[in-house]
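Reviewing the structure listed below.
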Amino acid sequence: MSELDTKLNNEPGEEETITLGYYAEQAYLDYAVSVVKGRALPDVGDGQKPVQRRILYAMSEMGLRPGAKPVKSARVVGDVLGKYHPHGDQAAYDALVRMAQNFSLRYPLVDGQGNFGSRDGDGAAAMRYTEARLTPIAELLLDELDEGTVDFIPNYDGSQQEPQMLPARLPVMLLNGASGIAVGMATEIPSHNLREVAQACVMLLKQPKTSNEEIFSVIPGPDFSGGAQIISSQEDIAAIYSSGKGSLKARARWVFEEMARGQWQLVVTELPPGTSGQKVLEEIEEITNPKIKTGKKSLTADQQNNKAGMLAMLDAVRDESGKDAAVRLVFEPKSSRIDRDEFVTLLLAHTSMESSVPINLVCIGIDGRPRQRDLRTILEEWLVFRTDTVTRRSKYRLDKVLDRIHVLEGRMLVYLNIDEVIQTIRESDEPKAALMKRFTLSERQAEDILEMRLRQLAKLEGIKIEQELKDKQQEQLKLQDLLDNPNALKRLIIKEIEADAKKYGDDRRTVIEAAERAVIETKVIDEPVTVIVSEKGWLRSRQGHGHDINQFNFKSGDKLYAAYECRSTDTVIGMGDNGRVYSVAVANLPSARGDGQPITSMIDLESGTHIIHIIAGTENSRWLLAQANGLGFSARISDMSSRQKAGKQFITLEKGAILMRPVPLFDDSTYFAMLSVSGRFLVIDLKEVKQLSGGGRGTILMTLEKNDRLDQLIPVNEQGLTISGVYRNKQVDEILALGDLQEYIGKRARKGKLLDTRMKQAVLFPVI
């Protein structure tokens with residue numbers, strides 16, 4: 001009983017009050033533990049969740065072993081609910097269905113008759129139509145159940161007994177995998193090959209200090225029920241197995257079928273887990289007939305490009321999966337002259353025929369606690385469980401043998417003194433007590449003698465008793481040796497694991513072969529271009545450099561923000577007022593013949609935010625990102641780039657802070673000048689500006705007074721800088737050489753000095 005139950009079940013005279021917060025906390029914890037241990041997570045011992053364990057036990061008790069006549073699934077579900085699992089019938093039936101699906105489990109435990117669904121997402125027929133019985137491999141879990149191997153506990157109402165665990169002869173959790181979501185934790189265990197897992201168990205039994213590398217050489221990776229190919233490297237797989245969490249990359253397998261007159265077609269025969277033929281067809285339909293996204297007026301550039309690319313190569317696709325082939329997707333190219341590798345890459349890049357497979361090795365250990373484990377720990381804990389199971393089985397068998405020897409010794413005594421025994425029985429009113437007293441027998445032996453038939457007193461029966469007694473005594477010695485000698489017990493476990501692997505094992509289905517992820521690479525001609533950015537965020541590009549910016553036209557109410565001379569292979573970065581940055585390839589910008597397109601149509605901008613600054617340049621170009629409150633840092637375009645259209649969070653803005661216009665830091669720049677609104681001027685060494693490749697808040701560049709803020713930022717080279725302003729109603733420019741700036745040069749985070757100039761509306765420019 002929990003602490004909460006104790007407080008709520010006090011005697012009527014006792015007053016105990018608890019806060020609502022305490023009650024809610026305790027109640028939720030009880031619920032969380034119930035979900036974690038009672039529903040969602042498998043046990044490392046038998047690899048089953050409670051509902052699966054109860055289904056297997058109920059079917060075993062109903063006599064539905066392999067070879068038996070199957071019965072209606074509704075009858076099985078009824079037995080499970082009525083005796084062991086008082087939950088919804090559909091939940092129990094769904095669990096039974098999954099245990100029968102060969103595309104869900106690597107080694108199905110239920111032999112289903114009828115429609116049990118398909119990998120395309122088709123549901124199973126109602127439980128009144130389907131039938132079920134156990135598969136032969138289910139014997140790995142149930143065969144030793146009646147030999148004292150596991151503890152039995154009362155069911156939900158105390159009317160029945162159910163096993164707390166099943167005596168698994170192999171680590172079924174690794175063989176079939178598991179998936180579940182609990183409270184605060186989740187599990188995603190992939191399936192593995194039986195022979196490989198058995199070999200790893202034997203290896204650890206023989207050499208407990210076997211290295212992880214040796215284990216991973218035996219179990220190189222998961223073995224999915226649908227085959228497919230794992231393209232992650234062995235190093236990546238080993239890292240996932242060592243940590244217990246990660247993600248593998250898997251892809252479909254295919255063949256090229258040659259047709260008449262030089263034609264060919266691509267036939268996909270295996271798909272990665274979680275992918276179906278129906279899903280692939282839907283993805284291709286979405287690409288070739290795209291729908292306008294919510295909030296957009298037309299198809300995006302990506303949708304148009306993907307549609308054009310797919311229709312240029314793919315002529316037709318059809319699903320020919322059926323009884324003869326579990327998976328058969330046929331793709332016909334537009335022309336036989338299309339490059340086959342490019343055709344495959346296109347399909348892999350745009351569909352789930354190449355996808356990620358999450359791995360999270362969370363389970364309930366032999367200590368009853370749920371946590372994440374690495375592969376080695378799972379194997380070691382299961383071996384501890386199996387050793388305990390075999391030990392309990394040996395003790396149970398030894399007790400049975402000793403009891404039989406005890407009975408046979410009593411029978412042997414009868415056989416040697418048959419006349420006296422008969423006389424004692426005939427002359428005694430209480431023959432049991434008389435036999436016990438006369439021949440020094442136990443009650444068990446006396447009872448057995450009195451129940452013997454006369455035919456068992458024949459001479460031939462005496463020989464049989466003597467032979468059986470001898471055999472049982474030899475069996476006793478063997479069982480006692482198993483219990484006294486750990487090495488003998490270990491040899492027996494190894495022998496049984498190897499026998500089961502030989503009986504139930506099969507070849508690996510999933511190929512492990514490292515490969516690069518499929519990516520559609522758009523070939524871009526590297527040429528000089530000028531990126532034209534308007535103040536309202538409209539983008540366009542014009543070939544070449546050296547254009548007169550006064551010739552650029554804009555929409556009414558809009559004007560030039562910046563013109564960046566760069567290359568067609570460079571990147572445009574848009575910066576949001578929330579510190580998020582977005583990437584757009586220069587090659588994807590529209591031509592300068594029109595007004596261009598707004599950057600918001602090329603990215604997925606977060607609701608309620610706006611793009612306030614736009615820059616463009618090479619990957620290695622370095623930019624200063626500063627806030628008006630004096631904080632800032634430098635970063636490269638490559639640091640800000642992201643493949644996601646939703647961009648990424650990069651600049652941590654202080655509350656109420658304004659992001660200033662980014663400033664390019666040229667290669668010949670050695671210093672950096674800052675001018676505040678109040679006229680304070682500070683020049684610092686660029687080495688003091690912190691470079692943050694991952695973004696962030698930055699450091700204090702210049703300390704400002706309470707109502708002051710940064711106004712201008714400018715890089716300074718060895719030639720100094722230019723000050724432009726109005727003096728005596730005339731526009732004048734003054735160059736300050738580096739020597740003239742010495743009095744303003746200081747350390748980062750200083751307040752600087754008032755700029756000594758007679759100009760009004762002074763503006764800083766670099767010396768070109």
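In the structure tokens, chains take the letters A, B, ... in the order shown, each chain's residues start at 1, and ligands count up from 1 in the order shown.
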**Message:** Can you tell me which residues surround Glu332 (chain A) at a distance of at most 10 Å, considering only C-alpha atoms, apart from same-chain residues fewer than 2 positions away, and format the answer as a PyMOL selection string?
**Reply:** chain A and resi 263-267+313-318+330+334-336+343
Only C-alpha atoms, please: the residues just picked out, written as a PDB file, in the first residue's frame.
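Saved the output as again-v5.pdb:
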```
ATOM      1  CA  GLN A 263      13.495  -0.640 -71.694  1.00  0.00           C
ATOM      2  CA  TRP A 264      13.852  -1.203 -67.946  1.00  0.00           C
ATOM      3  CA  GLN A 265      11.928  -0.682 -64.718  1.00  0.00           C
ATOM      4  CA  LEU A 266      12.854  -0.324 -61.060  1.00  0.00           C
ATOM      5  CA  VAL A 267      11.246  -2.871 -58.719  1.00  0.00           C
ATOM      6  CA  MET A 313      11.938  11.227 -64.731  1.00  0.00           C
ATOM      7  CA  LEU A 314       8.983   9.152 -63.523  1.00  0.00           C
ATOM      8  CA  ASP A 315       6.409   7.916 -66.028  1.00  0.00           C
ATOM      9  CA  ALA A 316       4.316   5.548 -63.903  1.00  0.00           C
ATOM     10  CA  VAL A 317       4.290   3.774 -60.546  1.00  0.00           C
ATOM     11  CA  ARG A 318       2.157   0.864 -59.354  1.00  0.00           C
ATOM     12  CA  VAL A 330       7.233  -0.921 -59.791  1.00  0.00           C
ATOM     13  CA  LYS A 334      10.172   8.372 -68.724  1.00  0.00           C
ATOM     14  CA  SER A 335      12.916   7.045 -70.939  1.00  0.00           C
ATOM     15  CA  SER A 336      15.385   4.176 -70.903  1.00  0.00           C
ATOM     16  CA  PHE A 343      16.459   7.799 -60.887  1.00  0.00           C
TER      17      PHE A 343
END
```
**Request:** Please provide the set of residues having any atom within 9 Å of region 423-427 of chain A, restricted to only C-alpha atoms, with same-chain residues fewer than 5 positions apart removed, written as a PyMOL selection string.
**Result:** chain A and resi 418+432+434-435+438+450
**Filtered DSSP result for region 374-615 of chain A, state strand (DSSP E or B), as a ChimeraX atom specification** = /A:511-512,528-534,538-543,560-567,571-576,580-585,591,597-598,611-615
Please, could you write that set of residues out with N, CA and C atoms as a compact mmCIF listing (two decimals), in the first residue's frame?
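Writing done, so here's result03.txt:
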```
# COMPACT_ATOMS: atom_id res chain seq x y z
N VAL A 511 20.37 -6.29 -44.80
CA VAL A 511 21.76 -6.10 -45.23
C VAL A 511 22.32 -4.86 -44.54
N ILE A 512 23.53 -4.96 -44.03
CA ILE A 512 24.21 -3.81 -43.42
C ILE A 512 25.35 -3.40 -44.34
N PRO A 528 29.51 35.28 -61.08
CA PRO A 528 29.26 36.46 -60.26
C PRO A 528 27.83 36.97 -60.43
N VAL A 529 27.19 37.30 -59.32
CA VAL A 529 25.84 37.85 -59.35
C VAL A 529 25.74 38.96 -58.30
N THR A 530 24.75 39.80 -58.47
CA THR A 530 24.45 40.84 -57.48
C THR A 530 23.07 40.56 -56.90
N VAL A 531 23.02 40.37 -55.58
CA VAL A 531 21.75 40.12 -54.89
C VAL A 531 21.17 41.46 -54.47
N ILE A 532 19.95 41.74 -54.95
CA ILE A 532 19.29 43.02 -54.67
C ILE A 532 18.21 42.77 -53.62
N VAL A 533 18.32 43.49 -52.50
CA VAL A 533 17.39 43.32 -51.38
C VAL A 533 16.67 44.63 -51.15
N SER A 534 15.33 44.55 -51.08
CA SER A 534 14.55 45.76 -50.79
C SER A 534 14.28 45.85 -49.30
N TRP A 538 12.06 41.99 -50.36
CA TRP A 538 11.95 41.34 -51.67
C TRP A 538 13.34 41.08 -52.21
N LEU A 539 13.53 39.87 -52.77
CA LEU A 539 14.85 39.43 -53.23
C LEU A 539 14.84 39.17 -54.74
N ARG A 540 15.97 39.45 -55.38
CA ARG A 540 16.19 39.09 -56.78
C ARG A 540 17.69 39.11 -57.03
N SER A 541 18.12 38.51 -58.12
CA SER A 541 19.56 38.49 -58.43
C SER A 541 19.77 38.91 -59.88
N ARG A 542 20.92 39.55 -60.08
CA ARG A 542 21.27 40.01 -61.43
C ARG A 542 22.69 39.57 -61.73
N GLN A 543 22.90 39.05 -62.92
CA GLN A 543 24.22 38.55 -63.29
C GLN A 543 25.24 39.69 -63.30
N LEU A 560 15.65 50.41 -51.86
CA LEU A 560 16.81 49.53 -51.70
C LEU A 560 17.21 49.40 -50.23
N TYR A 561 17.43 48.15 -49.81
CA TYR A 561 18.01 47.88 -48.48
C TYR A 561 19.51 47.65 -48.64
N ALA A 562 19.89 46.78 -49.60
CA ALA A 562 21.31 46.49 -49.84
C ALA A 562 21.45 45.78 -51.17
N ALA A 563 22.64 45.90 -51.75
CA ALA A 563 23.01 45.14 -52.95
C ALA A 563 24.32 44.44 -52.65
N TYR A 564 24.30 43.10 -52.67
CA TYR A 564 25.48 42.31 -52.31
C TYR A 564 26.09 41.70 -53.56
N GLU A 565 27.35 42.01 -53.81
CA GLU A 565 28.06 41.39 -54.92
C GLU A 565 28.67 40.08 -54.43
N CYS A 566 28.19 38.97 -54.94
CA CYS A 566 28.66 37.66 -54.46
C CYS A 566 28.65 36.68 -55.63
N ARG A 567 28.59 35.38 -55.31
CA ARG A 567 28.59 34.33 -56.34
C ARG A 567 27.25 33.58 -56.32
N THR A 571 25.06 32.10 -50.19
CA THR A 571 23.83 31.95 -49.42
C THR A 571 23.33 33.30 -48.93
N VAL A 572 22.00 33.45 -48.94
CA VAL A 572 21.34 34.62 -48.35
C VAL A 572 20.83 34.22 -46.96
N ILE A 573 21.06 35.09 -45.97
CA ILE A 573 20.60 34.83 -44.60
C ILE A 573 19.61 35.91 -44.20
N GLY A 574 18.41 35.49 -43.81
CA GLY A 574 17.41 36.41 -43.27
C GLY A 574 17.37 36.28 -41.76
N MET A 575 17.28 37.41 -41.05
CA MET A 575 17.30 37.42 -39.59
C MET A 575 15.97 37.94 -39.05
N GLY A 576 15.33 37.15 -38.21
CA GLY A 576 14.06 37.53 -37.63
C GLY A 576 14.23 38.37 -36.38
N ARG A 580 15.93 34.36 -34.78
CA ARG A 580 15.99 33.17 -35.62
C ARG A 580 16.57 33.54 -36.99
N VAL A 581 17.36 32.64 -37.59
CA VAL A 581 17.97 32.92 -38.89
C VAL A 581 17.48 31.90 -39.91
N TYR A 582 17.34 32.34 -41.16
CA TYR A 582 16.78 31.53 -42.24
C TYR A 582 17.72 31.59 -43.44
N SER A 583 17.86 30.48 -44.15
CA SER A 583 18.79 30.39 -45.28
C SER A 583 18.04 30.25 -46.60
N VAL A 584 18.55 30.94 -47.61
CA VAL A 584 18.03 30.81 -48.98
C VAL A 584 19.24 30.80 -49.92
N ALA A 585 19.30 29.82 -50.83
CA ALA A 585 20.41 29.75 -51.78
C ALA A 585 20.28 30.87 -52.80
N SER A 591 14.98 36.17 -61.13
CA SER A 591 15.75 37.10 -61.94
C SER A 591 15.39 38.54 -61.62
N GLN A 597 10.85 38.17 -55.41
CA GLN A 597 9.90 37.52 -54.51
C GLN A 597 10.24 37.89 -53.08
N PRO A 598 9.23 37.96 -52.22
CA PRO A 598 9.53 38.24 -50.80
C PRO A 598 10.22 37.03 -50.17
N ILE A 611 11.10 39.54 -40.64
CA ILE A 611 12.50 39.60 -41.06
C ILE A 611 12.94 41.07 -40.99
N ILE A 612 14.02 41.33 -40.25
CA ILE A 612 14.46 42.72 -40.07
C ILE A 612 15.78 43.00 -40.78
N HIS A 613 16.59 41.96 -41.02
CA HIS A 613 17.86 42.18 -41.72
C HIS A 613 18.10 41.02 -42.67
N ILE A 614 18.74 41.32 -43.81
CA ILE A 614 19.08 40.30 -44.80
C ILE A 614 20.50 40.55 -45.26
N ILE A 615 21.33 39.47 -45.24
CA ILE A 615 22.71 39.57 -45.71
C ILE A 615 22.97 38.46 -46.71
```
**Message:** I need the residues of region 340-409 of chain A that end up classed as helix (DSSP H, G or I) by DSSP on the backbone, written out as a ChimeraX atom specification.
**Reply:** /A:340-350,375-409
Writing out the chosen residues with C-alpha atoms as a PDB file, in the first residue's frame:
```pdb
ATOM      1  CA  ARG A 340      19.558   4.683 -63.283  1.00  0.00           C
ATOM      2  CA  ASP A 341      21.471   5.994 -60.272  1.00  0.00           C
ATOM      3  CA  GLU A 342      19.889   9.433 -60.613  1.00  0.00           C
ATOM      4  CA  PHE A 343      16.459   7.799 -60.887  1.00  0.00           C
ATOM      5  CA  VAL A 344      16.982   5.840 -57.658  1.00  0.00           C
ATOM      6  CA  THR A 345      18.392   8.878 -55.834  1.00  0.00           C
ATOM      7  CA  LEU A 346      15.346  10.939 -56.814  1.00  0.00           C
ATOM      8  CA  LEU A 347      12.962   8.363 -55.317  1.00  0.00           C
ATOM      9  CA  LEU A 348      15.001   7.823 -52.163  1.00  0.00           C
ATOM     10  CA  ALA A 349      15.378  11.554 -51.500  1.00  0.00           C
ATOM     11  CA  HIS A 350      11.673  12.369 -51.903  1.00  0.00           C
ATOM     12  CA  LEU A 375      23.197  -3.744 -25.573  1.00  0.00           C
ATOM     13  CA  ARG A 376      25.815  -5.418 -23.392  1.00  0.00           C
ATOM     14  CA  THR A 377      23.860  -4.712 -20.191  1.00  0.00           C
ATOM     15  CA  ILE A 378      20.689  -6.171 -21.711  1.00  0.00           C
ATOM     16  CA  LEU A 379      22.498  -9.383 -22.648  1.00  0.00           C
ATOM     17  CA  GLU A 380      24.176  -9.649 -19.242  1.00  0.00           C
ATOM     18  CA  GLU A 381      20.929  -9.052 -17.335  1.00  0.00           C
ATOM     19  CA  TRP A 382      19.114 -11.646 -19.435  1.00  0.00           C
ATOM     20  CA  LEU A 383      21.883 -14.179 -18.751  1.00  0.00           C
ATOM     21  CA  VAL A 384      21.440 -13.550 -15.016  1.00  0.00           C
ATOM     22  CA  PHE A 385      17.710 -14.150 -15.463  1.00  0.00           C
ATOM     23  CA  ARG A 386      18.309 -17.321 -17.470  1.00  0.00           C
ATOM     24  CA  THR A 387      20.830 -18.646 -14.957  1.00  0.00           C
ATOM     25  CA  ASP A 388      18.312 -18.116 -12.162  1.00  0.00           C
ATOM     26  CA  THR A 389      15.595 -19.801 -14.245  1.00  0.00           C
ATOM     27  CA  VAL A 390      17.723 -22.892 -14.977  1.00  0.00           C
ATOM     28  CA  THR A 391      18.773 -23.064 -11.314  1.00  0.00           C
ATOM     29  CA  ARG A 392      15.146 -23.017 -10.171  1.00  0.00           C
ATOM     30  CA  ARG A 393      14.255 -25.613 -12.812  1.00  0.00           C
ATOM     31  CA  SER A 394      17.093 -27.871 -11.618  1.00  0.00           C
ATOM     32  CA  LYS A 395      15.987 -27.572  -7.988  1.00  0.00           C
ATOM     33  CA  TYR A 396      12.426 -28.381  -8.981  1.00  0.00           C
ATOM     34  CA  ARG A 397      13.521 -31.412 -10.991  1.00  0.00           C
ATOM     35  CA  LEU A 398      15.834 -32.554  -8.182  1.00  0.00           C
ATOM     36  CA  ASP A 399      12.952 -32.408  -5.690  1.00  0.00           C
ATOM     37  CA  LYS A 400      10.821 -34.480  -8.074  1.00  0.00           C
ATOM     38  CA  VAL A 401      13.631 -37.018  -8.543  1.00  0.00           C
ATOM     39  CA  LEU A 402      14.254 -37.298  -4.804  1.00  0.00           C
ATOM     40  CA  ASP A 403      10.531 -37.838  -4.219  1.00  0.00           C
ATOM     41  CA  ARG A 404      10.478 -40.574  -6.874  1.00  0.00           C
ATOM     42  CA  ILE A 405      13.591 -42.236  -5.416  1.00  0.00           C
ATOM     43  CA  HIS A 406      11.926 -42.180  -2.007  1.00  0.00           C
ATOM     44  CA  VAL A 407       8.847 -43.930  -3.440  1.00  0.00           C
ATOM     45  CA  LEU A 408      10.915 -46.486  -5.370  1.00  0.00           C
ATOM     46  CA  GLU A 409      12.941 -47.360  -2.267  1.00  0.00           C
TER      47      GLU A 409
END
```
**Message:** Which residue is closest to Gly462 (chain A)? Choose from A:Asn417, A:Ser607, A:Gln160, A:Asn176 and count only C-alpha atoms.
**Reply:**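 Ranked by minimum distance to Gly462 (chain A), first place goes to A:Asn417.
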**Item:** For CA of Leu675 (chain A) and CA of Gln649 (chain A), the interatomic separation in Å (one decimal)
**Value:** 28.0 Å
